[in-house]
Amino acid sequence: METCSFLLYLALILLCTKVLGLITRRAHMPQVVGALLAGLILGPGILNIIPQTEYLTQTAEIGVVILMFCAGMETDVKELKKCGKAAMIIAFIGVVVPLAGGFATAWFFNRPGMIESTADTSLVLQNIFIGVILTATSVSITVETLKELGKLNSRAGNAILGAAVIDDILGIIALTVITSMADPAVKLWLVLLKIVGFFVFSIVAGFLFYKFFSYYSNRTKNGLQRYVIISFVFCLLMSYVAEEFFGVADITGAYVAGLVVSMIQKEHYLESRFSVLSYVYLSPIFFASIGLKVHLPKMSSAIILFAVVLTVVAILTKVVGCGLGAKLCRYTGKESLQIGVGMVSRGEVALIVASKGEALGLMGTQLMGPVVIVVIITTIIAPILLKPVFRDKKN
């Protein structure tokens, strides 16, 4: 009977995410908020009904890969090219400002008399690492919300997607720099070389796939189902290669694969097929899994205060940093606010970065509680804030 328990877990997740999604929709909030709350309620944070099993973890990973693959297919490549330089500026300022804000907050709280750190490294490195955690962006939450609002392919939506990809790269560099200070075995030059190698590989692989797909579709007029399988294989391979060989997040590989598929003639058919798969099965599990990971440890009053301040800083630094970058690139005030809010969510990305730092001794165990609170609040508040800032028809 225990081997079939995953079927019950899936049923509960799909039911609760849909019910709470409808409830949040009635409250004029995006349905993704309900899915996040479903995971939080079912997980160890509240009711502790569903454990974070390996099956759910791996299924959730496929879910976010497909979500970003669909985002790539829905992206207007021409518009993305236009905002390429702007996306780089937005991402850069959107990393520097949270890094500085996180460091300053940690510097104030992480000291004798406030929070007694148990980490092995110096306080300076610990405080910098807190800033590195705040540089993370989980764009998957924003993507799902913008899809629901029909704004994913807007000017601001394309800027968010472009900046998020660059943000991922800058985050890897920042994490590598700080870990190399704590672990001499980590080589920064090797990481930078891998990142460059990934983009070279993506251009070559994308070109070859585009040529192959065009040749294959011209030779076979029927069998559209085969196009779905071929595209899915390409998505999975790009995701695997990005993570395994180049150290870049698998969702970045999936997004690049989606961009390539968006330039072929069958993109609308493929997009409709993957959207159904994502909506019915994979996306609910992914968003619920974020809540299932939440486990709040016992915290002192000083740590709770640190968590509150860090959360406010996490929200404001992304809104101000990315919004300022957008404004410098001549986006309107409305679009700048949209872009800033779209980069607020930290999601599972911040948890992954925090866990790596804790393993390397860059962060004491008592600071994991505040990080979890930042993840919960930014993940839930991002889609809530996105709806009003995108409400106006003129985007």
# chains A, B, ... in the order shown; residues from 1 in each chain; ligands from 1
$ residues_around --residues "Ile49 in chain A" --least-positions-apart "5" --cutoff "10 Å" --atoms "only C-alpha atoms" --output "PyMOL selection string"
chain A and resi 9+12+39+41-44+292
$ write_last_selection --atoms "N, CA and C atoms" --output "compact mmCIF listing (two decimals), in the first residue's frame"
# COMPACT_ATOMS: atom_id res chain seq x y z
N TYR A 9 -1.04 11.47 -2.86
CA TYR A 9 -0.40 12.78 -2.78
C TYR A 9 -0.70 13.62 -4.03
N LEU A 12 -4.34 14.84 -3.94
CA LEU A 12 -4.52 15.93 -2.98
C LEU A 12 -3.92 17.24 -3.51
N GLY A 39 0.49 24.08 -1.28
CA GLY A 39 1.69 23.37 -0.86
C GLY A 39 2.09 23.71 0.56
N ILE A 41 0.09 24.65 2.99
CA ILE A 41 -0.88 24.05 3.92
C ILE A 41 -0.67 22.54 4.04
N LEU A 42 -0.46 21.87 2.90
CA LEU A 42 -0.30 20.41 2.91
C LEU A 42 1.04 19.96 3.44
N GLY A 43 2.05 20.83 3.41
CA GLY A 43 3.40 20.46 3.79
C GLY A 43 3.68 20.57 5.28
N PRO A 44 4.96 20.38 5.67
CA PRO A 44 5.36 20.40 7.08
C PRO A 44 5.18 21.75 7.75
N LEU A 292 5.80 22.77 -0.04
CA LEU A 292 6.14 21.54 0.66
C LEU A 292 7.56 21.58 1.24
$ residues_around --residues "range 192-197 of chain A" --least-positions-apart "6" --cutoff "10 Å" --atoms "only C-alpha atoms" --output "list in words"
Ile169, Ile172, Ile173, Thr176, Ala242, Phe245, Phe246, Gly247 and Val248 of chain A
$ write_last_selection --atoms "all heavy atoms" --output "mmCIF file, in the first residue's frame"
data_model
loop_
_atom_site.group_PDB
_atom_site.id
_atom_site.type_symbol
_atom_site.label_atom_id
_atom_site.label_comp_id
_atom_site.auth_asym_id
_atom_site.auth_seq_id
_atom_site.Cartn_x
_atom_site.Cartn_y
_atom_site.Cartn_z
ATOM 1 N N ILE A 169 22.699 34.108 -14.691
ATOM 2 C CA ILE A 169 24.136 34.046 -14.960
ATOM 3 C C ILE A 169 24.919 34.863 -13.926
ATOM 4 O O ILE A 169 25.919 34.399 -13.369
ATOM 5 C CB ILE A 169 24.450 34.572 -16.371
ATOM 6 C CG1 ILE A 169 23.673 33.768 -17.429
ATOM 7 C CG2 ILE A 169 25.941 34.525 -16.644
ATOM 8 C CD1 ILE A 169 23.973 32.309 -17.446
ATOM 9 N N ILE A 172 25.045 33.103 -10.622
ATOM 10 C CA ILE A 172 26.037 32.028 -10.597
ATOM 11 C C ILE A 172 27.435 32.601 -10.352
ATOM 12 O O ILE A 172 28.214 32.067 -9.558
ATOM 13 C CB ILE A 172 26.020 31.245 -11.929
ATOM 14 C CG1 ILE A 172 24.703 30.478 -12.074
ATOM 15 C CG2 ILE A 172 27.198 30.272 -12.009
ATOM 16 C CD1 ILE A 172 24.525 29.852 -13.435
ATOM 17 N N ILE A 173 27.731 33.707 -11.026
ATOM 18 C CA ILE A 173 29.053 34.339 -10.857
ATOM 19 C C ILE A 173 29.234 34.829 -9.417
ATOM 20 O O ILE A 173 30.284 34.611 -8.798
ATOM 21 C CB ILE A 173 29.214 35.500 -11.850
ATOM 22 C CG1 ILE A 173 29.219 34.976 -13.292
ATOM 23 C CG2 ILE A 173 30.500 36.274 -11.565
ATOM 24 C CD1 ILE A 173 29.205 36.069 -14.349
ATOM 25 N N THR A 176 29.726 31.921 -7.131
ATOM 26 C CA THR A 176 31.049 31.333 -7.334
ATOM 27 C C THR A 176 32.131 32.170 -6.676
ATOM 28 O O THR A 176 33.073 31.643 -6.071
ATOM 29 C CB THR A 176 31.353 31.193 -8.834
ATOM 30 O OG1 THR A 176 30.305 30.438 -9.454
ATOM 31 C CG2 THR A 176 32.677 30.482 -9.057
ATOM 32 N N ALA A 242 22.726 22.080 -20.038
ATOM 33 C CA ALA A 242 22.969 23.358 -19.353
ATOM 34 C C ALA A 242 23.412 23.128 -17.917
ATOM 35 O O ALA A 242 24.410 23.706 -17.449
ATOM 36 C CB ALA A 242 21.718 24.224 -19.394
ATOM 37 N N PHE A 245 26.769 20.059 -17.753
ATOM 38 C CA PHE A 245 28.068 20.337 -18.354
ATOM 39 C C PHE A 245 28.534 21.795 -18.220
ATOM 40 O O PHE A 245 29.733 22.060 -18.272
ATOM 41 C CB PHE A 245 28.059 19.955 -19.837
ATOM 42 C CG PHE A 245 27.854 18.490 -20.072
ATOM 43 C CD1 PHE A 245 26.637 18.017 -20.539
ATOM 44 C CD2 PHE A 245 28.869 17.579 -19.817
ATOM 45 C CE1 PHE A 245 26.439 16.656 -20.749
ATOM 46 C CE2 PHE A 245 28.678 16.223 -20.028
ATOM 47 C CZ PHE A 245 27.457 15.750 -20.486
ATOM 48 N N PHE A 246 27.576 22.710 -18.064
ATOM 49 C CA PHE A 246 27.961 24.124 -18.027
ATOM 50 C C PHE A 246 27.651 24.811 -16.695
ATOM 51 O O PHE A 246 28.016 25.967 -16.510
ATOM 52 C CB PHE A 246 27.272 24.885 -19.163
ATOM 53 C CG PHE A 246 27.685 24.415 -20.532
ATOM 54 C CD1 PHE A 246 26.858 23.587 -21.275
ATOM 55 C CD2 PHE A 246 28.912 24.785 -21.072
ATOM 56 C CE1 PHE A 246 27.234 23.143 -22.532
ATOM 57 C CE2 PHE A 246 29.300 24.347 -22.331
ATOM 58 C CZ PHE A 246 28.462 23.518 -23.064
ATOM 59 N N GLY A 247 26.976 24.116 -15.792
ATOM 60 C CA GLY A 247 26.674 24.698 -14.493
ATOM 61 C C GLY A 247 25.649 25.808 -14.525
ATOM 62 O O GLY A 247 25.508 26.568 -13.567
ATOM 63 N N VAL A 248 24.902 25.918 -15.631
ATOM 64 C CA VAL A 248 23.834 26.911 -15.771
ATOM 65 C C VAL A 248 22.513 26.232 -15.409
ATOM 66 O O VAL A 248 22.324 25.041 -15.668
ATOM 67 C CB VAL A 248 23.788 27.460 -17.207
ATOM 68 C CG1 VAL A 248 22.642 28.443 -17.393
ATOM 69 C CG2 VAL A 248 25.114 28.135 -17.553
#
$ select_by_dssp --residues "range 9-161 of chain A" --states "helix (DSSP H, G or I)" --output "ChimeraX atom specification"
/A:9-26,31-42,54-74,77-82,84-109,123-135,139-149,155-161
$ residues_around --residues "Leu161 in chain A" --least-positions-apart "3" --cutoff "9 Å" --atoms "only C-alpha atoms" --output "list of chain:residue names"
A:Ala71, A:Gly72, A:Thr75, A:Leu80, A:Ala87, A:Val139, A:Val143, A:Leu152, A:Ala156, A:Gly157, A:Asn158, A:Ala164, A:Val165, A:Ile166
$ residues_around --residues "range 376-383 of chain A" --least-positions-apart "3" --cutoff "6 Å" --atoms "only C-alpha atoms" --output "PyMOL selection string"
chain A and resi 33+145+344-345+347+373+386
$ closest_residue --among "A:Gly258, A:Gly321, A:Gly84, A:Gly361" --to "Thr135 in chain A" --atoms "only C-alpha atoms"
A:Gly321
$ residues_around --residues "Met88 in chain A" --least-positions-apart "6" --cutoff "12 Å" --atoms "only C-alpha atoms" --output "list in words"
Leu80, Lys81, Lys82, Gly94, Val95, Ala159, Ile160, Leu161, Gly162, Ala163, Ala164, Val165, Ile166, Asp167, Asp168, Ile169, Leu170, Cys322, Gly325, Ala326, Leu328 and Cys329 of chain A
$ closest_atom_pairs --of "range 266-379 of chain A" --to "range 209-233 of chain A" --cutoff "9 Å" --atoms "only C-alpha atoms" --output "CSV"
residue,atom,partner,partner_atom,distance
A:Lys266,CA,A:Tyr227,CA,8.1
A:Tyr269,CA,A:Leu224,CA,8.3
A:Leu270,CA,A:Val228,CA,5.9
A:Arg273,CA,A:Val228,CA,7.5
A:Phe274,CA,A:Val228,CA,8.1
$ closest_residue --among "A:Gly291, A:Met68, A:Ala35, A:Thr121" --to "Ala359 in chain A" --atoms "only C-alpha atoms"
A:Thr121
$ atom_distance --atom1 "CA of Phe92 in chain A" --atom2 "CA of Leu175 in chain A"
14.5 Å
$ residues_around --residues "Ile352 in chain A" --least-positions-apart "5" --cutoff "10 Å" --atoms "only C-alpha atoms" --output "PyMOL selection string"
chain A and resi 133+136+347+357-358
$ write_last_selection --atoms "all heavy atoms" --output "CSV table (one decimal), in the first residue's frame"
chain,number,residue,atom,x,y,z
A,133,ILE,N,22.2,35.7,-1.6
A,133,ILE,CA,20.9,35.1,-1.6
A,133,ILE,C,19.8,36.0,-2.1
A,133,ILE,O,18.9,35.6,-2.9
A,133,ILE,CB,20.5,34.6,-0.1
A,133,ILE,CG1,21.5,33.5,0.3
A,133,ILE,CG2,19.1,34.1,-0.1
A,133,ILE,CD1,21.3,33.1,1.8
A,136,ALA,N,19.0,36.4,-6.0
A,136,ALA,CA,18.3,35.3,-6.8
A,136,ALA,C,17.0,35.8,-7.2
A,136,ALA,O,16.3,36.6,-6.6
A,136,ALA,CB,18.2,34.1,-5.9
A,347,GLY,N,11.6,32.4,-4.6
A,347,GLY,CA,11.2,31.1,-4.8
A,347,GLY,C,12.3,30.0,-4.4
A,347,GLY,O,13.1,30.3,-3.5
A,357,GLY,N,25.3,27.5,0.6
A,357,GLY,CA,26.1,28.3,1.5
A,357,GLY,C,26.2,27.7,2.9
A,357,GLY,O,27.2,27.7,3.5
A,358,GLU,N,25.0,27.1,3.4
A,358,GLU,CA,25.1,26.5,4.7
A,358,GLU,C,26.0,25.3,4.7
A,358,GLU,O,26.7,25.1,5.7
A,358,GLU,CB,23.6,26.1,5.1
A,358,GLU,CG,23.5,25.5,6.5
A,358,GLU,CD,22.1,25.1,6.8
A,358,GLU,OE1,21.3,25.0,5.9
A,358,GLU,OE2,21.8,24.9,8.0
$ residues_around --residues "Ile285 in chain A" --least-positions-apart "2" --cutoff "8 Å" --atoms "only C-alpha atoms" --output "VMD selection string"
chain A and resid 10 13 to 14 56 59 to 60 63 281 to 283 287 to 289
$ atom_distance --atom1 "CA of Ile128 in chain A" --atom2 "CA of Pro112 in chain A"
17.2 Å
$ closest_atom_pairs --of "range 92-118 of chain A" --to "range 307-312 of chain A" --cutoff "9 Å" --atoms "only C-alpha atoms" --output "CSV"
residue,atom,partner,partner_atom,distance
A:Gly101,CA,A:Leu310,CA,8.6
A:Gly102,CA,A:Leu310,CA,7.0
A:Thr105,CA,A:Leu310,CA,6.6
A:Ala106,CA,A:Leu310,CA,8.1
$ write_last_selection --atoms "N, CA and C atoms" --output "tab-separated table (two decimals), in the first residue's frame"
chain	number	residue	atom	x	y	z
A	101	GLY	N	21.97	45.68	-0.30
A	101	GLY	CA	20.94	45.73	0.74
A	101	GLY	C	21.01	44.55	1.69
A	102	GLY	N	21.23	43.36	1.14
A	102	GLY	CA	21.34	42.16	1.97
A	102	GLY	C	22.57	42.21	2.86
A	105	THR	N	21.96	44.75	5.74
A	105	THR	CA	21.02	44.21	6.74
A	105	THR	C	21.71	43.16	7.61
A	106	ALA	N	22.45	42.25	6.96
A	106	ALA	CA	23.16	41.21	7.71
A	106	ALA	C	24.25	41.82	8.59
